[in-house]
>>> print(open('model.cif').read())   # mmCIF, C-alpha atoms and all ligand atoms
data_target
#
loop_
_atom_site.label_atom_id
_atom_site.label_comp_id
_atom_site.auth_asym_id
_atom_site.auth_seq_id
_atom_site.Cartn_x
_atom_site.Cartn_y
_atom_site.Cartn_z
CA MET N 6 6.46 4.67 31.41
CA ILE N 7 3.46 3.67 29.25
CA ASP N 8 4.72 4.13 25.71
CA LEU N 9 1.90 4.84 23.24
CA ARG N 10 4.04 6.65 20.66
CA SER N 11 3.87 3.78 18.18
CA ASP N 12 3.26 0.04 17.85
CA THR N 13 6.87 -0.19 16.65
CA VAL N 14 8.23 0.23 20.20
CA THR N 15 7.49 -3.37 21.23
CA ARG N 16 10.39 -5.53 22.33
CA PRO N 17 10.68 -9.19 21.31
CA THR N 18 9.04 -11.48 23.87
CA VAL N 19 10.96 -14.31 25.55
CA GLY N 20 9.26 -16.86 23.27
CA MET N 21 10.22 -14.82 20.21
CA ARG N 22 13.83 -14.54 21.35
CA GLU N 23 13.94 -18.30 21.92
CA ALA N 24 12.65 -18.86 18.38
CA MET N 25 15.37 -16.52 17.08
CA PHE N 26 18.00 -18.43 19.07
CA ARG N 27 16.92 -21.76 17.58
CA ALA N 28 16.48 -20.55 13.97
CA GLU N 29 18.00 -22.68 11.23
CA VAL N 30 19.91 -20.38 8.87
CA GLY N 31 21.73 -20.20 5.52
CA ASP N 32 23.16 -17.50 3.26
CA ASP N 33 20.13 -15.97 1.58
CA VAL N 34 22.22 -13.90 -0.83
CA ILE N 35 24.20 -16.87 -2.18
CA ASP N 36 21.20 -19.18 -2.32
CA VAL N 37 18.67 -19.66 0.46
CA ASP N 38 18.04 -19.27 4.17
CA PRO N 39 15.52 -22.02 5.02
CA THR N 40 13.73 -20.09 7.76
CA LEU N 41 13.34 -17.03 5.55
CA ASP N 42 12.17 -19.25 2.71
CA ALA N 43 9.45 -20.63 5.00
CA LEU N 44 8.37 -17.11 6.05
CA GLN N 45 8.22 -15.84 2.46
CA ARG N 46 6.18 -18.87 1.29
CA ARG N 47 3.80 -18.57 4.22
CA THR N 48 3.30 -14.82 3.70
CA ALA N 49 2.66 -15.28 -0.02
CA GLU N 50 0.13 -18.00 0.78
CA MET N 51 -1.63 -15.86 3.42
CA LEU N 52 -1.88 -12.93 0.99
CA GLY N 53 -2.97 -15.14 -1.92
CA LYS N 54 -0.03 -14.09 -4.09
CA GLN N 55 2.45 -16.21 -6.07
CA ALA N 56 5.52 -15.10 -4.10
CA ALA N 57 6.80 -12.77 -1.38
CA ILE N 58 10.16 -11.28 -0.51
CA PHE N 59 11.42 -10.14 2.90
CA MET N 60 13.06 -6.74 3.43
CA PRO N 61 14.29 -4.85 6.50
CA SER N 62 11.51 -2.24 6.53
CA GLY N 63 8.12 -1.19 5.21
CA THR N 64 9.75 1.81 3.61
CA MET N 65 11.91 -0.51 1.52
CA THR N 66 9.03 -2.81 0.48
CA ASN N 67 6.93 0.22 -0.53
CA GLN N 68 9.72 1.93 -2.42
CA ILE N 69 10.80 -1.20 -4.24
CA ALA N 70 7.17 -1.87 -5.20
CA LEU N 71 6.96 1.61 -6.74
CA ARG N 72 10.27 1.12 -8.54
CA VAL N 73 9.23 -2.22 -10.02
CA HIS N 74 5.76 -1.04 -11.12
CA CYS N 75 7.03 2.21 -12.66
CA LYS N 76 10.01 3.54 -14.60
CA PRO N 77 11.75 6.95 -14.30
CA GLY N 78 9.41 9.73 -15.41
CA ASP N 79 6.26 7.82 -14.40
CA GLU N 80 3.66 9.01 -11.93
CA PHE N 81 1.67 7.22 -9.25
CA LEU N 82 -1.59 8.22 -7.55
CA CYS N 83 -1.99 8.19 -3.78
CA ASP N 84 -3.94 9.96 -1.05
CA SER N 85 -2.28 13.09 0.30
CA ASP N 86 -1.91 11.73 3.85
CA CYS N 87 -0.32 8.39 3.01
CA HIS N 88 2.96 7.14 4.47
CA ILE N 89 4.59 6.65 1.07
CA TYR N 90 4.17 10.35 0.27
CA ASN N 91 4.71 11.90 3.71
CA TYR N 92 7.22 9.79 5.59
CA GLU N 93 9.60 8.15 3.13
CA GLN N 94 11.70 11.21 2.22
CA GLY N 95 10.24 11.28 -1.28
CA ALA N 96 12.40 8.22 -1.94
CA PHE N 97 10.29 7.49 -5.04
CA ALA N 98 11.79 10.70 -6.53
CA GLN N 99 15.25 10.41 -4.99
CA LEU N 100 15.84 6.75 -5.82
CA SER N 101 13.53 5.90 -8.72
CA GLY N 102 12.78 9.15 -10.60
CA LEU N 103 9.02 9.02 -9.99
CA VAL N 104 6.38 11.69 -9.47
CA ALA N 105 3.46 11.46 -7.04
CA LYS N 106 0.00 12.88 -7.70
CA THR N 107 -1.73 13.25 -4.35
CA LEU N 108 -5.50 13.20 -4.02
CA GLN N 109 -7.40 14.41 -0.98
CA GLY N 110 -9.34 11.55 0.60
CA VAL N 111 -11.20 11.34 3.91
CA GLN N 112 -8.99 9.66 6.53
CA GLY N 113 -7.06 8.12 3.63
CA VAL N 114 -10.09 6.68 1.84
CA LEU N 115 -10.32 7.58 -1.87
CA THR N 116 -13.54 7.29 -3.86
CA LEU N 117 -14.12 7.09 -7.60
CA ASP N 118 -15.12 10.77 -7.51
CA ASP N 119 -11.73 11.66 -5.98
CA LEU N 120 -9.98 9.75 -8.76
CA GLU N 121 -11.94 11.18 -11.67
CA ASN N 122 -9.67 12.64 -14.41
CA SER N 123 -6.53 11.74 -12.44
CA VAL N 124 -4.97 9.57 -15.19
CA ARG N 125 -2.99 11.68 -17.63
CA PRO N 126 -3.54 11.32 -21.35
CA VAL N 127 -0.69 9.92 -23.41
CA ASN N 128 1.04 13.13 -24.41
CA GLU N 129 4.75 13.83 -24.74
CA HIS N 130 4.47 16.90 -22.52
CA MET N 131 3.39 14.82 -19.56
CA VAL N 132 4.56 12.10 -17.20
CA GLN N 133 2.72 8.78 -17.54
CA THR N 134 0.34 7.62 -14.81
CA ARG N 135 1.13 3.98 -13.99
CA LEU N 136 0.07 3.06 -10.49
CA LEU N 137 -2.47 3.60 -7.70
CA CYS N 138 -1.34 3.17 -4.07
CA LEU N 139 -3.66 2.73 -1.07
CA GLU N 140 -2.89 2.28 2.64
CA ASN N 141 -4.84 -0.09 4.93
CA THR N 142 -5.16 0.58 7.82
CA HIS N 143 -4.47 4.27 7.40
CA ASN N 144 -1.89 5.68 9.81
CA ARG N 145 -2.60 9.43 9.55
CA GLY N 146 -6.28 8.56 9.16
CA SER N 147 -6.39 7.40 12.83
CA GLY N 148 -6.08 3.71 11.96
CA LYS N 149 -9.01 3.92 9.51
CA LEU N 150 -10.06 0.75 7.71
CA GLN N 151 -10.42 1.01 3.96
CA PRO N 152 -14.02 -0.12 3.20
CA GLN N 153 -13.44 -3.24 1.10
CA ASP N 154 -16.24 -2.57 -1.42
CA GLN N 155 -14.70 0.82 -2.02
CA VAL N 156 -11.23 -0.73 -2.46
CA VAL N 157 -12.61 -3.17 -5.02
CA ARG N 158 -14.28 -0.33 -6.94
CA VAL N 159 -11.20 1.90 -7.10
CA CYS N 160 -8.85 -0.99 -7.96
CA ASP N 161 -11.21 -2.13 -10.75
CA TRP N 162 -11.23 1.44 -12.02
CA ALA N 163 -7.40 1.54 -11.85
CA HIS N 164 -7.02 -1.70 -13.81
CA GLU N 165 -9.58 -0.57 -16.42
CA SER N 166 -7.57 2.65 -16.71
CA GLY N 167 -4.37 0.67 -17.41
CA LEU N 168 -2.83 1.21 -13.94
CA GLN N 169 -1.26 -1.28 -11.55
CA THR N 170 -2.26 -1.25 -7.86
CA HIS N 171 -0.11 -1.41 -4.72
CA LEU N 172 -1.28 -1.73 -1.11
CA ASP N 173 0.77 -0.40 1.80
CA GLY N 174 -0.54 -2.94 4.29
CA ALA N 175 1.87 -2.10 7.11
CA ARG N 176 -1.09 -2.82 9.44
CA LEU N 177 -3.08 -5.21 7.23
CA PHE N 178 -3.15 -7.77 10.08
CA ASN N 179 -5.05 -5.19 12.15
CA ALA N 180 -7.45 -4.67 9.24
CA SER N 181 -8.05 -8.40 8.95
CA VAL N 182 -8.77 -8.85 12.66
CA ALA N 183 -11.01 -5.76 12.79
CA THR N 184 -13.09 -6.64 9.70
CA GLY N 185 -13.07 -10.43 9.92
CA LEU N 186 -11.93 -10.50 6.27
CA SER N 187 -8.98 -12.74 5.45
CA LEU N 188 -5.65 -11.25 4.41
CA LYS N 189 -6.24 -12.90 1.04
CA GLU N 190 -9.54 -11.07 0.54
CA LEU N 191 -8.02 -7.74 1.59
CA ALA N 192 -5.04 -8.25 -0.72
CA SER N 193 -6.90 -9.64 -3.70
CA PRO N 194 -7.68 -6.33 -5.54
CA PHE N 195 -3.97 -5.42 -5.56
CA ASP N 196 -1.10 -6.40 -7.83
CA SER N 197 1.38 -5.99 -4.97
CA VAL N 198 1.04 -5.84 -1.20
CA SER N 199 3.48 -4.83 1.55
CA VAL N 200 2.95 -6.06 5.12
CA CYS N 201 5.03 -5.31 8.23
CA PHE N 202 5.93 -7.70 11.05
CA SER N 203 7.43 -4.92 13.19
CA LYS N 204 4.19 -3.00 13.93
CA GLY N 205 1.31 -4.66 15.79
CA LEU N 206 2.82 -8.13 15.38
CA GLY N 207 5.75 -7.20 17.62
CA ALA N 208 8.74 -8.51 15.62
CA PRO N 209 11.92 -6.41 15.91
CA LEU N 210 12.05 -5.70 12.18
CA GLY N 211 10.98 -6.80 8.76
CA SER N 212 8.35 -6.54 6.05
CA CYS N 213 7.32 -8.66 3.08
CA LEU N 214 6.39 -7.55 -0.41
CA ALA N 215 4.10 -9.96 -2.28
CA GLY N 216 3.05 -10.23 -5.93
CA THR N 217 3.61 -12.41 -8.99
CA HIS N 218 6.79 -14.51 -9.41
CA GLU N 219 7.98 -12.06 -12.05
CA PHE N 220 7.30 -9.02 -9.85
CA VAL N 221 9.06 -10.56 -6.84
CA SER N 222 12.10 -11.58 -8.85
CA LYS N 223 12.45 -7.95 -10.07
CA ALA N 224 11.98 -6.79 -6.46
CA ARG N 225 14.78 -9.14 -5.36
CA ARG N 226 17.10 -7.53 -7.89
CA ALA N 227 16.14 -4.03 -6.68
CA ARG N 228 16.61 -5.09 -3.04
CA LYS N 229 20.21 -6.06 -3.84
CA LEU N 230 20.73 -2.75 -5.63
CA PHE N 231 19.51 -0.88 -2.53
CA GLY N 232 21.90 -2.89 -0.31
CA GLY N 233 19.11 -4.95 1.23
CA GLY N 234 20.46 -8.45 0.49
CA MET N 235 20.74 -10.21 3.86
CA ARG N 236 22.74 -13.31 4.75
CA GLN N 237 21.71 -15.42 7.81
CA VAL N 238 18.40 -13.60 7.91
CA GLY N 239 16.55 -16.57 9.41
CA VAL N 240 17.50 -15.10 12.80
CA VAL N 241 14.97 -12.33 12.23
CA ALA N 242 12.60 -14.25 9.94
CA SER N 243 12.03 -16.63 12.87
CA ALA N 244 10.74 -13.67 14.93
CA ALA N 245 8.23 -12.87 12.18
CA ILE N 246 7.13 -16.53 12.01
CA TYR N 247 6.68 -16.53 15.79
CA ALA N 248 4.59 -13.34 15.46
CA LEU N 249 2.36 -14.93 12.81
CA ASP N 250 1.82 -17.92 15.11
CA HIS N 251 1.13 -15.99 18.32
CA HIS N 252 0.34 -12.32 17.78
CA ILE N 253 -2.42 -11.96 15.19
CA GLU N 254 -5.65 -12.74 17.10
CA ARG N 255 -4.55 -10.67 20.09
CA LEU N 256 -4.66 -7.49 17.95
CA ALA N 257 -8.37 -7.35 18.91
CA ILE N 258 -7.20 -6.44 22.44
CA ASP N 259 -5.21 -3.49 21.06
CA HIS N 260 -8.31 -2.32 19.19
CA GLU N 261 -10.38 -2.48 22.38
CA HIS N 262 -7.65 -0.55 24.21
CA ALA N 263 -7.76 2.23 21.58
CA ARG N 264 -11.54 2.49 22.08
CA MET N 265 -11.01 2.81 25.86
CA LEU N 266 -8.55 5.66 25.35
CA ALA N 267 -10.96 7.35 22.94
CA GLN N 268 -13.70 7.20 25.56
CA ALA N 269 -11.51 9.05 28.06
CA VAL N 270 -10.60 11.66 25.42
CA GLY N 271 -14.28 12.01 24.48
CA GLU N 272 -15.16 13.19 27.99
CA PHE N 273 -13.66 16.63 27.21
CA ASP N 274 -15.20 19.15 24.83
CA PHE N 275 -11.86 20.65 23.84
CA LEU N 276 -10.47 17.29 22.71
CA SER N 277 -11.92 15.71 19.56
CA VAL N 278 -11.21 12.23 18.25
CA MET N 279 -10.63 12.06 14.49
CA GLY N 280 -13.39 10.09 12.78
CA GLY N 281 -15.21 8.99 15.95
CA GLU N 282 -14.53 5.66 17.65
CA PRO N 283 -11.19 4.11 16.59
CA GLU N 284 -11.56 1.14 14.25
CA THR N 285 -8.16 -0.38 15.01
CA ASN N 286 -5.14 0.42 17.22
CA ILE N 287 -4.47 4.08 16.33
CA LEU N 288 -6.19 7.03 17.92
CA ILE N 289 -5.63 10.58 16.71
CA PHE N 290 -7.29 13.45 18.53
CA HIS N 291 -7.18 17.21 18.23
CA VAL N 292 -6.46 19.53 21.13
CA SER N 293 -8.34 22.83 20.86
CA ARG N 294 -6.25 25.98 21.08
CA ALA N 295 -8.25 26.92 24.17
CA TRP N 296 -6.32 24.21 26.03
CA GLY N 297 -2.90 24.74 24.44
CA THR N 298 -0.74 22.97 21.88
CA ALA N 299 -0.58 19.27 21.19
CA GLN N 300 3.06 19.32 22.27
CA SER N 301 2.21 20.84 25.65
CA PHE N 302 -0.52 18.20 26.11
CA ALA N 303 2.04 15.49 25.29
CA THR N 304 4.57 16.98 27.72
CA GLU N 305 1.98 17.03 30.51
CA LEU N 306 0.99 13.43 29.79
CA GLU N 307 4.62 12.37 30.01
CA LYS N 308 4.80 13.88 33.51
CA HIS N 309 1.95 11.46 34.34
CA GLY N 310 3.87 8.48 32.94
CA VAL N 311 2.33 8.31 29.44
CA ARG N 312 4.35 8.92 26.33
CA VAL N 313 2.46 9.92 23.14
CA MET N 314 3.32 11.62 19.86
CA ALA N 315 2.38 15.19 18.97
CA PHE N 316 1.52 14.54 15.32
CA SER N 317 1.03 18.20 14.36
CA PRO N 318 0.64 21.46 16.32
CA ILE N 319 -2.95 20.40 17.12
CA ALA N 320 -2.99 16.59 16.90
CA ILE N 321 -1.89 13.83 19.25
CA ARG N 322 -1.43 10.20 18.18
CA MET N 323 -1.70 7.25 20.53
CA VAL N 324 -1.04 3.69 19.34
CA THR N 325 -1.87 0.59 21.37
CA HIS N 326 0.24 -2.54 21.14
CA LEU N 327 1.54 -5.80 22.58
CA ASP N 328 3.61 -4.18 25.33
CA VAL N 329 0.71 -2.26 26.90
CA SER N 330 -1.63 -4.13 29.26
CA THR N 331 -5.28 -3.37 30.06
CA ASP N 332 -4.21 -2.14 33.48
CA GLN N 333 -1.80 0.31 31.85
CA ILE N 334 -4.58 1.51 29.54
CA HIS N 335 -6.73 2.27 32.62
CA ARG N 336 -3.80 4.27 34.02
CA ALA N 337 -3.33 6.08 30.70
CA CYS N 338 -7.06 6.99 30.71
CA GLU N 339 -6.65 8.44 34.21
CA ALA N 340 -3.61 10.44 33.05
CA ILE N 341 -5.65 11.86 30.14
CA ARG N 342 -8.39 12.89 32.58
CA ARG N 343 -5.92 14.58 34.93
CA VAL N 344 -4.13 16.47 32.15
CA ALA N 345 -7.31 17.45 30.30
CA GLY N 346 -8.88 18.46 33.59
CA LYS N 347 -6.29 21.23 33.87
CA ASN N 348 -8.19 23.39 31.40
CA ARG N 349 -5.74 26.17 30.72
CA THR N 350 -8.32 28.83 29.93
CA VAL N 351 -10.03 28.40 33.30
C1 LIG Z 1 1.44 2.87 6.99
C2 LIG Z 1 2.91 2.70 7.07
N1 LIG Z 1 3.59 2.28 5.98
C3 LIG Z 1 4.91 2.10 5.98
C4 LIG Z 1 5.64 2.30 7.13
C5 LIG Z 1 7.14 2.15 7.08
O1 LIG Z 1 7.59 1.10 7.85
P1 LIG Z 1 9.12 1.09 8.36
O2 LIG Z 1 9.15 1.96 9.57
O3 LIG Z 1 9.34 -0.36 8.66
O4 LIG Z 1 9.97 1.59 7.27
C6 LIG Z 1 4.99 2.73 8.30
C7 LIG Z 1 5.76 2.98 9.53
O5 LIG Z 1 5.25 3.35 10.56
C8 LIG Z 1 3.59 2.94 8.26
O6 LIG Z 1 2.92 3.37 9.34
#
>>> encode(input="model.cif", output="structure tokens")
Amino acid sequence: MIDLRSDTVTRPTVGMREAMFRAEVGDDVIDVDPTLDALQRRTAEMLGKQAAIFMPSGTMTNQIALRVHCKPGDEFLCDSDCHIYNYEQGAFAQLSGLVAKTLQGVQGVLTLDDLENSVRPVNEHMVQTRLLCLENTHNRGSGKLQPQDQVVRVCDWAHESGLQTHLDGARLFNASVATGLSLKELASPFDSVSVCFSKGLGAPLGSCLAGTHEFVSKARRARKLFGGGMRQVGVVASAAIYALDHHIERLAIDHEHARMLAQAVGEFDFLSVMGGEPETNILIFHVSRAWGTAQSFATELEKHGVRVMAFSPIAIRMVTHLDVSTDQIHRACEAIRRVAGKNRTV
């Protein structure tokens, strides 16, 4: 089966498992795990921040960032399709007492026009706007890259408006490879940045949240509160270190694979790729009602050995990753052609 449901389905490679086997460890709740310490220092350095802290998931790094930047009764701004708003169970409300104001961007990209008048005045009837969150690359935006000049403009605006800025960079490594910009450049407009090792980089789990020393020490306290203090965590930190050493440059292959899939999809009038050619490793396309539902398209593809995700009644998502070879992408393209060729209205 060619599994294109997500880049989170990758399994640790032999080299990664060997690194995990050899990892030097300590108790990171009592004091320090040396392998984790090395990962956190390296991630902070790569992102150009003072410090970084490891957590089990990108959901936790995002939610703890929100909690540290804001206090109960505060509001943050985000685009209406972002992961933080759509796929984290409203944890910002459940766990931290926060309110989200969503703004409609295009494939997750917000402009100054979109943000105009979005900061609330200081008034005792209202919540207080404290934070702006962006996502790069954008998952529901078909792996869209945030244009960096635009990011700089909206983050400058946020800071001038008295807000903090947080980046959900679950796939920031993809953004760096696709744009040629360093992680440091991409992270620089933000006060805090979350990156995941368990997406395109192929580690079994783990994310880091980076920011100032003060921010990270508050995040460490919140991580303990949420039950995320981990003991001999070097066993998994070593997988992330291995991924940083071996799996960044190869993301360009995943991006090329997504473009190949998009070409096959583009051969059919009743399939339309969101936003044109994919910029990174995510491809979302719409299935016209004339063919059928996205779920029926996904079910047919599975019969041809390709597993994808029906993202909505009309949208399919395919994500390329480390565990899918070029040969398998050719086979997936053939499967798309066979399924799409069965035009249901004909
Ligand atoms: C953009 C984005 N942010 C955050 C997350 C959450 O990561 P995790 O699944 O590790 O909680 C995901 C997961 O797919 C994501 O796509």
>>> axis_aligned_box(input="model.cif", around="ligand LIG 1 (chain Z)", padding_each_side="6 Å", output="AutoDock Vina command-line options")
--center_x 5.7 --center_y 1.5 --center_z 8.3 --size_x 20.5 --size_y 15.7 --size_z 16.6
>>> residues_near_ligand(input="model.cif", ligand="ligand LIG 1 (chain Z)", cutoff="6 Å", atoms="only C-alpha atoms and all ligand atoms", output="PyMOL selection string")
chain N and resi 62-64+88+144+173+175
>>> atom_distance(input="model.cif", atom1="atom CA of N:Leu52", atom2="atom CA of N:Gly148")
20.4 Å
>>> residues_around(input="model.cif", residues="stretch 77-79 of chain N", least_positions_apart="2", cutoff="9 Å", atoms="all atoms listed in the file", output="JSON, numbers by chain")
{"N": [72, 75, 81, 98, 101, 102, 103, 104, 105, 131, 132, 133, 134, 135, 136]}
>>> residues_near_point(input="model.cif", point="(18.5, -15.5, 7.5)", cutoff="6 Å", atoms="all atoms listed in the file", output="VMD selection string")
chain N and resid 30 38 41 236 to 240
>>> atom_distance(input="model.cif", atom1="atom CA of N:Gln45", atom2="atom CA of N:Met25")
16.3 Å
>>> atom_distance(input="model.cif", atom1="atom CA of N:Gln55", atom2="atom CA of N:Glu219")
9.1 Å
